[in-house]
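*Asks:* File follows, target_20.cif with mmCIF, C-alpha atoms:
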```
data_input
#
loop_
_atom_site.label_atom_id
_atom_site.label_comp_id
_atom_site.auth_asym_id
_atom_site.auth_seq_id
_atom_site.Cartn_x
_atom_site.Cartn_y
_atom_site.Cartn_z
CA MET A 1 22.29 -13.40 66.31
CA SER A 2 22.40 -17.14 66.63
CA ILE A 3 22.62 -18.92 69.93
CA THR A 4 23.03 -22.57 70.86
CA ALA A 5 21.01 -24.32 73.52
CA LYS A 6 24.19 -24.65 75.61
CA GLN A 7 24.85 -20.89 75.47
CA ALA A 8 21.23 -20.22 76.44
CA GLY A 9 21.60 -22.43 79.54
CA LEU A 10 19.45 -25.16 78.04
CA VAL A 11 20.05 -28.81 77.28
CA SER A 12 18.23 -30.80 74.64
CA CYS A 13 17.44 -34.48 75.27
CA HIS A 14 19.37 -36.56 72.73
CA LEU A 15 16.46 -38.98 72.34
CA CYS A 16 13.15 -37.08 72.51
CA GLN A 17 14.54 -33.54 71.91
CA LYS A 18 12.79 -32.00 74.91
CA LEU A 19 14.52 -28.84 76.14
CA HIS A 20 15.46 -28.58 79.80
CA GLU A 21 16.91 -25.67 81.76
CA ILE A 22 20.36 -26.24 83.24
CA PRO A 23 20.41 -25.24 86.93
CA LYS A 24 22.94 -22.59 88.00
CA GLN A 25 25.24 -25.11 89.65
CA GLY A 26 25.26 -27.21 86.46
CA LEU A 27 23.53 -30.48 85.62
CA PRO A 28 23.45 -32.81 88.63
CA GLU A 29 25.05 -36.24 88.47
CA GLY A 30 22.76 -38.68 86.66
CA ALA A 31 20.32 -36.02 85.42
CA ALA A 32 17.52 -37.59 83.37
CA CYS A 33 15.04 -36.24 80.85
CA SER A 34 11.64 -35.64 82.43
CA ARG A 35 9.84 -36.89 79.32
CA CYS A 36 11.69 -40.05 78.23
CA GLY A 37 14.06 -40.81 81.11
CA SER A 38 17.27 -40.76 79.05
CA SER A 39 20.39 -39.34 80.65
CA LEU A 40 20.81 -35.63 79.97
CA ALA A 41 24.04 -34.06 78.78
CA SER A 42 24.81 -30.95 76.76
CA ARG A 43 27.37 -32.93 74.74
CA ILE A 44 27.98 -36.69 74.74
CA PRO A 45 30.28 -37.21 77.77
CA GLN A 46 33.88 -38.07 76.80
CA SER A 47 32.76 -38.09 73.18
CA LEU A 48 36.19 -37.53 71.57
CA ARG A 49 37.98 -40.05 73.79
CA LYS A 50 35.37 -42.77 73.15
CA THR A 51 35.40 -42.14 69.40
CA TRP A 52 39.22 -42.31 69.37
CA ILE A 53 39.17 -45.68 71.16
CA TYR A 54 36.59 -47.22 68.79
CA LEU A 55 38.32 -45.70 65.77
CA LEU A 56 41.80 -46.98 66.70
CA ALA A 57 40.37 -50.41 67.51
CA SER A 58 38.63 -50.57 64.12
CA ILE A 59 41.82 -49.52 62.31
CA VAL A 60 43.66 -52.39 64.06
CA VAL A 61 40.96 -54.93 63.15
CA PHE A 62 40.78 -53.54 59.60
CA ILE A 63 44.22 -55.05 58.84
CA PRO A 64 43.37 -58.77 59.41
CA ALA A 65 39.97 -58.16 57.77
CA ASN A 66 41.79 -57.39 54.52
CA ILE A 67 44.68 -59.88 54.83
CA TYR A 68 42.77 -63.05 55.75
CA PRO A 69 40.32 -64.73 53.35
CA VAL A 70 36.62 -64.04 53.86
CA MET A 71 35.24 -66.77 51.65
CA THR A 72 36.29 -69.85 49.65
CA VAL A 73 34.25 -71.19 46.74
CA ILE A 74 35.10 -74.88 46.31
CA THR A 75 33.99 -76.65 43.11
CA PHE A 76 34.95 -80.31 42.59
CA GLY A 77 37.36 -80.16 45.51
CA GLN A 78 39.21 -77.15 44.17
CA GLY A 79 39.07 -73.52 45.09
CA LYS A 80 41.23 -70.69 46.28
CA PRO A 81 40.38 -68.53 49.28
CA ASP A 82 39.30 -64.99 48.45
CA THR A 83 40.06 -61.93 50.53
CA ILE A 84 37.75 -58.93 50.24
CA ILE A 85 39.95 -57.30 47.60
CA SER A 86 40.61 -60.47 45.58
CA GLY A 87 36.86 -61.18 45.66
CA VAL A 88 36.22 -57.88 43.90
CA ILE A 89 39.02 -58.61 41.40
CA THR A 90 37.51 -62.05 40.67
CA LEU A 91 34.14 -60.42 39.94
CA ILE A 92 35.83 -57.98 37.55
CA GLN A 93 37.63 -60.82 35.77
CA MET A 94 34.32 -62.65 35.36
CA GLY A 95 32.93 -59.51 33.71
CA MET A 96 30.36 -58.76 36.43
CA TYR A 97 31.15 -55.05 36.58
CA PRO A 98 28.01 -53.66 38.25
CA ILE A 99 28.11 -56.20 41.07
CA ALA A 100 31.88 -55.70 41.44
CA ALA A 101 31.20 -51.99 41.85
CA VAL A 102 28.53 -52.61 44.51
CA VAL A 103 30.80 -54.94 46.52
CA PHE A 104 33.75 -52.57 46.11
CA VAL A 105 31.74 -49.62 47.43
CA ALA A 106 30.19 -51.52 50.36
CA SER A 107 33.23 -53.52 51.49
CA ILE A 108 36.21 -51.31 50.67
CA LEU A 109 35.18 -47.72 49.91
CA VAL A 110 32.66 -47.31 52.75
CA PRO A 111 34.92 -48.63 55.59
CA VAL A 112 37.90 -46.58 54.36
CA PHE A 113 35.74 -43.46 53.98
CA LYS A 114 34.40 -43.97 57.51
CA LEU A 115 37.83 -44.43 59.08
CA VAL A 116 39.42 -41.48 57.24
CA GLY A 117 36.38 -39.24 57.73
CA LEU A 118 36.17 -39.81 61.47
CA LEU A 119 39.95 -39.30 61.75
CA ILE A 120 39.63 -35.93 59.98
CA LEU A 121 36.70 -34.87 62.20
CA LEU A 122 38.53 -35.82 65.41
CA LEU A 123 41.77 -34.08 64.38
CA ALA A 124 39.89 -31.01 63.12
CA ILE A 125 38.23 -30.56 66.51
CA GLN A 126 41.30 -31.26 68.63
CA LYS A 127 43.78 -29.29 66.48
CA ARG A 128 41.20 -26.51 65.87
CA TRP A 129 41.55 -26.67 62.09
CA ARG A 130 39.60 -24.07 60.16
CA ILE A 131 37.20 -26.42 58.42
CA ASN A 132 33.91 -25.64 56.75
CA LYS A 133 31.59 -26.65 59.58
CA ARG A 134 28.59 -27.25 57.42
CA GLN A 135 30.55 -29.60 55.15
CA ALA A 136 32.02 -31.37 58.18
CA THR A 137 28.48 -31.95 59.51
CA VAL A 138 27.35 -33.28 56.14
CA MET A 139 30.33 -35.64 56.13
CA TYR A 140 29.43 -36.86 59.61
CA ARG A 141 25.81 -37.40 58.54
CA TYR A 142 26.97 -39.58 55.62
CA ILE A 143 29.40 -41.54 57.80
CA HIS A 144 26.54 -42.31 60.17
CA PHE A 145 24.17 -43.23 57.36
CA ILE A 146 26.42 -45.48 55.24
CA GLY A 147 27.88 -47.52 58.12
CA ARG A 148 25.29 -50.28 58.00
CA TRP A 149 25.81 -50.97 54.28
CA SER A 150 29.17 -52.62 55.02
CA MET A 151 27.22 -55.56 56.43
CA LEU A 152 26.46 -56.49 52.81
CA ASP A 153 29.45 -58.84 52.48
CA LEU A 154 28.59 -60.70 55.70
CA PHE A 155 24.93 -61.15 54.72
CA MET A 156 26.01 -62.37 51.29
CA ILE A 157 28.34 -64.95 52.84
CA SER A 158 25.62 -66.18 55.21
CA ILE A 159 23.29 -66.67 52.21
CA LEU A 160 25.92 -68.38 50.07
CA VAL A 161 27.10 -70.94 52.66
CA THR A 162 23.69 -72.60 52.66
CA LEU A 163 22.65 -71.83 49.09
CA VAL A 164 25.71 -73.60 47.70
CA SER A 165 26.13 -76.68 49.87
CA MET A 166 26.49 -79.78 47.70
CA GLY A 167 29.29 -81.60 49.44
CA GLY A 168 32.11 -82.49 47.07
CA ILE A 169 30.62 -80.84 44.00
CA ALA A 170 30.25 -77.29 45.17
CA SER A 171 30.42 -75.66 48.57
CA ILE A 172 31.30 -72.32 50.11
CA THR A 173 33.10 -71.81 53.39
CA THR A 174 33.95 -68.65 55.24
CA GLY A 175 37.28 -67.53 56.66
CA PHE A 176 38.70 -65.59 59.59
CA GLY A 177 38.73 -62.39 57.53
CA ALA A 178 34.91 -62.30 57.69
CA THR A 179 34.96 -62.35 61.49
CA ALA A 180 37.48 -59.51 61.55
CA PHE A 181 35.40 -57.59 59.01
CA ALA A 182 32.31 -57.99 61.19
CA GLY A 183 34.38 -56.43 63.99
CA VAL A 184 35.28 -53.47 61.76
CA VAL A 185 31.61 -52.85 60.91
CA VAL A 186 30.48 -52.90 64.54
CA LEU A 187 33.41 -50.83 65.84
CA THR A 188 33.01 -48.12 63.17
CA MET A 189 29.26 -47.96 63.85
CA MET A 190 30.05 -47.46 67.55
CA ALA A 191 32.67 -44.82 66.70
CA ALA A 192 30.13 -42.91 64.59
CA SER A 193 27.46 -42.98 67.30
CA THR A 194 29.79 -41.85 70.13
CA PHE A 195 30.94 -38.85 68.05
CA ASP A 196 29.01 -35.68 68.89
CA PRO A 197 28.62 -33.46 65.78
CA ARG A 198 27.76 -30.49 67.99
CA LEU A 199 31.45 -30.34 68.95
CA ILE A 200 32.18 -29.24 65.37
CA TRP A 201 30.01 -26.16 65.94
CA ASP A 202 31.33 -25.39 69.40
CA LEU A 203 34.48 -24.17 67.64
CA VAL A 204 32.53 -21.27 66.08
CA GLY A 205 32.61 -19.11 69.17
CA GLN A 206 36.33 -19.66 69.62
CA ASP A 207 37.48 -18.88 66.09
CA VAL A 208 38.25 -15.32 65.02
CA GLU A 209 37.36 -16.02 61.38
CA GLN A 210 34.18 -17.87 60.79
CA ASN A 211 33.11 -19.78 57.76
CA SER A 212 30.19 -17.62 56.77
CA GLU A 213 30.52 -17.86 52.99
CA ASP A 214 28.19 -20.84 52.90
CA GLN A 215 25.25 -19.00 54.45
CA MET B 1 1.59 -22.54 67.17
CA SER B 2 5.36 -22.71 67.25
CA HIS B 3 7.75 -24.38 69.61
CA THR B 4 11.42 -24.05 70.50
CA LEU B 5 13.89 -26.83 69.93
CA ALA B 6 17.63 -27.29 69.61
CA CYS B 7 19.08 -28.82 66.42
CA HIS B 8 20.32 -32.28 67.29
CA GLU B 9 23.41 -31.92 65.11
CA CYS B 10 24.66 -28.40 65.92
CA ASP B 11 22.68 -27.39 69.05
CA GLN B 12 21.31 -24.21 67.43
CA LEU B 13 18.16 -22.94 69.16
CA LEU B 14 15.31 -22.63 66.71
CA GLN B 15 11.64 -21.68 66.54
CA LEU B 16 9.71 -24.30 64.64
CA GLN B 17 6.43 -23.35 62.98
CA ASN B 18 3.71 -25.87 62.27
CA LEU B 19 4.35 -27.58 58.95
CA SER B 20 1.83 -27.98 56.17
CA LYS B 21 1.59 -30.63 53.47
CA GLY B 22 4.87 -31.62 51.80
CA GLU B 23 6.95 -29.33 54.00
CA GLN B 24 10.10 -30.28 55.83
CA ALA B 25 11.99 -28.23 58.42
CA CYS B 26 15.79 -28.07 58.13
CA CYS B 27 18.33 -26.41 60.38
CA PRO B 28 19.48 -23.13 58.71
CA ARG B 29 22.98 -23.50 60.19
CA CYS B 30 23.97 -27.13 59.52
CA GLY B 31 21.21 -28.39 57.22
CA ALA B 32 20.02 -31.23 59.45
CA SER B 33 16.48 -32.43 58.84
CA LEU B 34 14.48 -31.43 61.92
CA MET B 35 10.91 -32.41 61.19
CA LYS B 36 8.71 -33.52 58.33
CA TYR B 37 5.02 -33.12 57.79
CA ARG B 38 3.58 -36.43 59.00
CA PRO B 39 -0.20 -36.65 58.71
CA ALA B 40 -1.92 -39.55 60.51
CA MET B 41 1.42 -40.92 61.71
CA VAL B 42 -0.05 -43.35 64.22
CA ASP B 43 -2.55 -44.88 61.78
CA LYS B 44 0.04 -45.33 59.04
CA VAL B 45 2.69 -46.81 61.33
CA PHE B 46 0.04 -49.17 62.69
CA ALA B 47 -0.93 -50.38 59.21
CA TYR B 48 2.61 -50.79 57.86
CA SER B 49 4.05 -52.47 60.95
CA LEU B 50 1.12 -54.92 61.04
CA ALA B 51 1.73 -55.75 57.37
CA GLY B 52 5.41 -56.25 58.16
CA LEU B 53 4.64 -58.61 61.03
CA ILE B 54 2.33 -60.69 58.82
CA PHE B 55 5.10 -61.09 56.24
CA TYR B 56 7.71 -61.84 58.89
CA VAL B 57 6.96 -65.52 59.56
CA PRO B 58 6.82 -66.77 55.95
CA ALA B 59 9.81 -64.58 55.04
CA ASN B 60 11.88 -66.38 57.64
CA TYR B 61 10.67 -69.94 57.17
CA LEU B 62 9.96 -70.30 53.45
CA PRO B 63 12.94 -70.83 51.12
CA VAL B 64 14.30 -67.59 49.70
CA MET B 65 16.26 -69.15 46.86
CA THR B 66 16.98 -72.62 45.45
CA PHE B 67 20.29 -73.30 43.75
CA GLU B 68 20.44 -76.08 41.15
CA MET B 69 23.64 -77.52 39.71
CA LEU B 70 24.21 -80.81 37.89
CA GLY B 71 20.81 -82.11 38.96
CA LEU B 72 21.42 -81.34 42.61
CA ALA B 73 19.53 -78.63 44.47
CA SER B 74 19.96 -76.85 47.76
CA THR B 75 17.65 -74.27 49.25
CA ASN B 76 18.27 -71.36 51.54
CA THR B 77 16.11 -69.79 54.21
CA MET B 78 17.17 -66.79 56.29
CA LEU B 79 17.78 -68.85 59.42
CA GLN B 80 19.69 -71.72 57.74
CA GLY B 81 22.63 -69.50 56.84
CA VAL B 82 22.99 -68.47 60.45
CA ILE B 83 22.78 -72.08 61.66
CA GLN B 84 25.42 -73.12 59.14
CA LEU B 85 27.75 -70.34 60.30
CA TYR B 86 27.18 -71.39 63.90
CA HIS B 87 28.06 -75.03 63.15
CA SER B 88 31.20 -73.97 61.28
CA GLY B 89 32.38 -72.29 64.48
CA TYR B 90 31.85 -68.68 63.40
CA LEU B 91 29.87 -67.75 66.50
CA TRP B 92 30.49 -64.02 66.39
CA MET B 93 29.50 -63.73 62.73
CA ALA B 94 26.42 -65.93 63.23
CA PHE B 95 25.42 -63.76 66.19
CA LEU B 96 25.81 -60.51 64.24
CA VAL B 97 23.95 -61.79 61.17
CA VAL B 98 21.04 -63.21 63.19
CA LEU B 99 20.87 -60.00 65.23
CA CYS B 100 20.74 -57.64 62.25
CA SER B 101 18.63 -59.72 59.85
CA VAL B 102 16.26 -61.75 62.05
CA VAL B 103 16.01 -60.54 65.68
CA MET B 104 16.21 -56.74 65.42
CA PRO B 105 13.84 -56.42 62.41
CA LEU B 106 11.23 -58.36 64.41
CA VAL B 107 11.78 -56.38 67.61
CA ASN B 108 11.60 -53.14 65.60
CA LEU B 109 8.31 -54.11 63.92
CA PHE B 110 6.86 -55.35 67.21
CA LEU B 111 7.77 -52.13 69.04
CA LEU B 112 6.40 -49.90 66.25
CA PHE B 113 3.19 -51.94 66.18
CA THR B 114 2.72 -51.89 69.96
CA ILE B 115 3.55 -48.18 70.21
CA SER B 116 1.00 -47.28 67.52
CA VAL B 117 -1.72 -49.50 69.02
CA LEU B 118 -1.22 -48.09 72.52
CA LEU B 119 -1.09 -44.50 71.21
CA LYS B 120 -4.41 -45.15 69.46
CA MET B 121 -5.93 -46.65 72.61
CA LYS B 122 -4.43 -43.83 74.71
CA ALA B 123 -3.38 -46.39 77.31
CA CYS B 124 -0.30 -47.66 79.14
CA VAL B 125 1.68 -44.40 79.05
CA SER B 126 4.71 -45.85 80.83
CA VAL B 127 4.91 -48.80 78.42
CA ILE B 128 4.78 -46.47 75.41
CA ARG B 129 7.54 -44.37 76.93
CA ARG B 130 9.79 -47.38 77.52
CA PHE B 131 9.13 -48.86 74.07
CA LEU B 132 9.87 -45.54 72.36
CA VAL B 133 13.27 -45.42 74.07
CA TRP B 134 14.03 -49.04 73.12
CA GLN B 135 12.92 -48.53 69.52
CA HIS B 136 15.22 -45.52 69.20
CA HIS B 137 18.22 -47.57 70.37
CA ILE B 138 17.69 -50.74 68.33
CA GLU B 139 16.54 -49.23 65.03
CA GLU B 140 20.13 -48.83 63.78
CA TRP B 141 20.73 -52.58 64.08
CA ALA B 142 17.78 -53.73 61.97
CA MET B 143 19.29 -54.00 58.49
CA LEU B 144 16.72 -55.59 56.17
CA GLU B 145 17.55 -53.30 53.24
CA VAL B 146 21.22 -54.29 53.43
CA TYR B 147 20.20 -57.96 53.55
CA MET B 148 18.11 -57.42 50.42
CA LEU B 149 21.21 -56.15 48.61
CA GLY B 150 23.08 -59.20 49.96
CA ILE B 151 20.46 -61.48 48.38
CA LEU B 152 20.81 -59.68 45.05
CA VAL B 153 24.61 -59.90 45.06
CA ALA B 154 24.49 -63.61 46.02
CA TYR B 155 21.95 -64.24 43.25
CA ILE B 156 24.01 -62.56 40.53
CA LYS B 157 27.27 -64.09 41.76
CA MET B 158 25.89 -67.64 41.66
CA SER B 159 23.80 -67.32 38.49
CA GLY B 160 26.90 -68.09 36.45
CA MET B 161 27.57 -71.37 38.26
CA GLY B 162 24.12 -72.93 38.12
CA ASN B 163 20.42 -72.27 37.98
CA ILE B 164 18.75 -70.21 40.71
CA VAL B 165 15.02 -70.36 41.42
CA ILE B 166 13.44 -67.63 43.52
CA GLY B 167 11.25 -69.03 46.28
CA LEU B 168 8.08 -67.79 47.93
CA GLY B 169 10.17 -66.65 50.91
CA MET B 170 11.76 -63.99 48.70
CA TYR B 171 8.39 -62.38 47.88
CA CYS B 172 7.45 -62.37 51.56
CA PHE B 173 10.86 -60.89 52.40
CA VAL B 174 10.36 -58.05 49.90
CA GLY B 175 6.89 -57.44 51.36
CA MET B 176 8.32 -57.29 54.87
CA LEU B 177 11.12 -54.98 53.71
CA LEU B 178 8.76 -52.53 52.01
CA ALA B 179 6.37 -52.49 54.99
CA THR B 180 9.28 -51.86 57.39
CA ILE B 181 10.70 -49.03 55.28
CA LEU B 182 7.27 -47.36 54.95
CA ALA B 183 6.65 -47.67 58.71
CA SER B 184 10.10 -46.21 59.52
CA ILE B 185 9.65 -43.29 57.11
CA ARG B 186 6.32 -42.35 58.70
CA PHE B 187 7.56 -42.74 62.25
CA ASP B 188 9.22 -39.98 64.27
CA THR B 189 10.31 -40.43 67.89
CA GLU B 190 9.89 -36.78 68.87
CA LEU B 191 6.38 -36.57 67.40
CA ALA B 192 5.43 -39.78 69.21
CA PHE B 193 6.60 -38.26 72.50
CA GLU B 194 4.50 -35.15 71.78
CA LYS B 195 1.45 -37.38 71.26
CA LEU B 196 2.33 -39.11 74.54
CA ASP B 197 2.36 -35.70 76.27
CA GLU B 198 -1.11 -34.98 74.86
CA ILE B 199 -2.42 -38.28 76.27
CA LYS B 200 -0.89 -37.52 79.67
CA SER B 201 -2.51 -34.08 79.81
CA LEU B 202 -6.00 -35.45 79.10
#
```
What would the structure in this file look like if it were written as structure tokens?
*Replies:*
Amino acid sequence: MSITAKQAGLVSCHLCQKLHEIPKQGLPEGAACSRCGSSLASRIPQSLRKTWIYLLASIVVFIPANIYPVMTVITFGQGKPDTIISGVITLIQMGMYPIAAVVFVASILVPVFKLVGLLILLLAIQKRWRINKRQATVMYRYIHFIGRWSMLDLFMISILVTLVSMGGIASITTGFGATAFAGVVVLTMMAASTFDPRLIWDLVGQDVEQNSEDQ
Amino acid sequence: MSHTLACHECDQLLQLQNLSKGEQACCPRCGASLMKYRPAMVDKVFAYSLAGLIFYVPANYLPVMTFEMLGLASTNTMLQGVIQLYHSGYLWMAFLVVLCSVVMPLVNLFLLFTISVLLKMKACVSVIRRFLVWQHHIEEWAMLEVYMLGILVAYIKMSGMGNIVIGLGMYCFVGMLLATILASIRFDTELAFEKLDEIKSL
């Protein structure tokens, strides 16, 4: 009843969506879309391997990003360095609950959700877990969408270092943790964009039982 | 008139009918949004991206906020933060912040503006094609809306320590942000390529 472009011998351009026929001998090396010139491939080449590399790299960088301080607020020569987590705790102690929630979501919840979510998607495809494919696609869509919001902490730091610069009275400096955190944001964004959600659906033809209850 | 396309998230082959006002096409298998009804796309993208470009210069050079404490004041513009990070030795962070909050938003607005102007003039097909590809790749790295949230968090965080005055740069920044969001909502890469095909076949 339903057929994918790949099964129909077609390939859709990832950028402009134009459909092309795949020749009998397969797509030639370096095949390009006739409309926009992007490279043509039925699925992102080496998608799972690339996503694994970016994902593992971001998990490694995630550790120093949370151990080292991201920012130090110094008033009258005194101040203690804050890590991402202690920064959120400080906001809670000061009674700024809404802003604590925003920073917690953007800097802690979103990166963890991205790392765990991509890990689940990769394992589900490679181990052929029986997952609800529609839900898995929705999860991927959210992972892709929320990635950029983790930049919040870095933008905030870049605003604060100049906004509060009064020498000995009050100043704000950044720490190594912020650099590591910037690495996490970029690496997880790369991981999300090298992952091909169509691989989730390629499992349909191979499974005996399909998830059809959500139709 | 209908045309065939494959869902970009699950590769399902689908027949897409022409949409009418307020309609949106979604993939029946995975739920991905395939196409929205976009009347007068080129005109609207032209108007919004031009508005965004006009706001861009003051948003970047006028002070966004001024922080006052014990009679002292320091101001902040979008570029100063990056320069400060650079001088503190945080090159990688400075690079990323300037890329996502200053460079890419400008490139994005410029490409959208040029694409819409050239589509209107029905000229320079190869330039439009190249710009459409570039715009598709860089869009993800323009993060004005995240920067806006960063300004809000910084404002609330510091309001306990001293007095914060909002500068003219902030109003221009909000204007640029709204114009960029409206232009991005109206714009669709696939539809732009279809318009390009129409120009080619003339």
*Asks:* Measuring atom to atom with all atoms listed in the file, identify which of B:Thr66, B:Met93, B:Tyr56, B:Ile156 is nearest to Leu109 of chain B.
*Replies:*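 The closest residue to Leu109 of chain B is B:Tyr56.
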*Asks:* Find the residue from A:Val116, A:Gly37, A:Ser12, A:Ile159 that sits nearest to Met148 of chain B; use only C-alpha atoms when measuring.
*Replies:* A:Ile159
*Asks:* Could you check how far atom CA of Ile125 of chain A sits from atom CA of Met139 of chain A, in Å to one decimal?
*Replies:*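 Atom CA of Met139 of chain A lies at a distance of 14.0 Å from atom CA of Ile125 of chain A.
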*Asks:* Using all atoms listed in the file, what table do you get, as CSV, when you list each residue of chain B with an atom no more than 6 Å from chain A, its nearest pair of atoms, and their distance in Å rounded to one decimal, rows by chain then rising number?
*Replies:*
```
residue,atom,partner,partner_atom,distance
B:Ala6,CA,A:Ala5,CA,6.0
B:Glu9,CA,A:Arg198,CA,5.4
B:Cys10,CA,A:Arg198,CA,4.3
B:Asp11,CA,A:Thr4,CA,5.2
B:Gln12,CA,A:Thr4,CA,4.2
B:Leu13,CA,A:Thr4,CA,5.2
B:Cys30,CA,A:Arg134,CA,5.1
B:Ser74,CA,A:Leu163,CA,5.8
B:Thr75,CA,A:Leu163,CA,5.6
B:Asn76,CA,A:Leu163,CA,5.0
B:Gly81,CA,A:Ser158,CA,4.8
B:Met93,CA,A:Thr179,CA,5.8
B:Val146,CA,A:Leu152,CA,5.7
B:Tyr147,CA,A:Phe155,CA,5.8
B:Gly150,CA,A:Met156,CA,4.5
B:Ala154,CA,A:Met156,CA,5.6
B:Glu190,CA,A:Cys16,CA,4.9
```
*Asks:* At a cut-off of 12 Å, using all atoms listed in the file, what residues contact Ser126 of chain B? Leave out same-chain residues fewer than 6 positions from it and give the result as a ChimeraX atom specification.
*Replies:* /A:35-37 /B:115,118-119,132-133,193,196-197,199-200
*Asks:* Taking the file as I've supplied it (selection: the PyMOL selection byres ((chain B and resi 49) around 9)), which residues are included? Please answer as a list of chain:residue names.
*Replies:*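 So the PyMOL selection byres ((chain B and resi 49) around 9), applied here, picks out B:Lys44, B:Val45, B:Phe46, B:Ala47, B:Tyr48, B:Leu50, B:Ala51, B:Gly52, B:Leu53, B:Ile54, B:Asn108, B:Leu109, B:Phe110, B:Leu111, B:Leu112, B:Phe113, B:Ser116, B:Met176, B:Ala179, B:Thr180, B:Leu182, B:Ala183, B:Ser184.
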*Asks:* Using the chain letters and numbering of this document, enumerate as a PDB file with C-alpha atoms, keeping the file's coordinate frame the residues selected by the PyMOL selection byres ((chain B and resi 59) around 9).
*Replies:*
```
ATOM      1  CA  PHE B  55       5.100 -61.090  56.240  1.00  0.00           C
ATOM      2  CA  TYR B  56       7.710 -61.840  58.890  1.00  0.00           C
ATOM      3  CA  VAL B  57       6.960 -65.520  59.560  1.00  0.00           C
ATOM      4  CA  PRO B  58       6.820 -66.770  55.950  1.00  0.00           C
ATOM      5  CA  ASN B  60      11.880 -66.380  57.640  1.00  0.00           C
ATOM      6  CA  TYR B  61      10.670 -69.940  57.170  1.00  0.00           C
ATOM      7  CA  LEU B  62       9.960 -70.300  53.450  1.00  0.00           C
ATOM      8  CA  PRO B  63      12.940 -70.830  51.120  1.00  0.00           C
ATOM      9  CA  VAL B  64      14.300 -67.590  49.700  1.00  0.00           C
ATOM     10  CA  THR B  77      16.110 -69.790  54.210  1.00  0.00           C
ATOM     11  CA  MET B  78      17.170 -66.790  56.290  1.00  0.00           C
ATOM     12  CA  LEU B 168       8.080 -67.790  47.930  1.00  0.00           C
ATOM     13  CA  GLY B 169      10.170 -66.650  50.910  1.00  0.00           C
ATOM     14  CA  MET B 170      11.760 -63.990  48.700  1.00  0.00           C
ATOM     15  CA  TYR B 171       8.390 -62.380  47.880  1.00  0.00           C
ATOM     16  CA  CYS B 172       7.450 -62.370  51.560  1.00  0.00           C
ATOM     17  CA  PHE B 173      10.860 -60.890  52.400  1.00  0.00           C
ATOM     18  CA  VAL B 174      10.360 -58.050  49.900  1.00  0.00           C
ATOM     19  CA  GLY B 175       6.890 -57.440  51.360  1.00  0.00           C
ATOM     20  CA  MET B 176       8.320 -57.290  54.870  1.00  0.00           C
TER      21      MET B 176
END
```
*Asks:* Could you check how far atom CA of Leu19 of chain B sits from atom CA of Tyr37 of chain B, in Å to one decimal?
*Replies:*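 Atom CA of Tyr37 of chain B lies at a distance of 5.7 Å from atom CA of Leu19 of chain B.
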*Asks:* Taking into account only C-alpha atoms, which residue in the set B:Met69, B:Val102, B:Val117, B:Ile83 is nearest to Met161 of chain B?
*Replies:*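 Between B:Met69, B:Val102, B:Val117, B:Ile83, the residue approaching Met161 of chain B most closely is B:Met69.
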*Asks:* Hey, which of B:Phe67, B:Glu198, B:Ala94, B:Gly31 ends up closest to Asn163 of chain B? Count all atoms listed in the file.
*Replies:*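 For Asn163 of chain B, the nearest of the candidates is B:Phe67.
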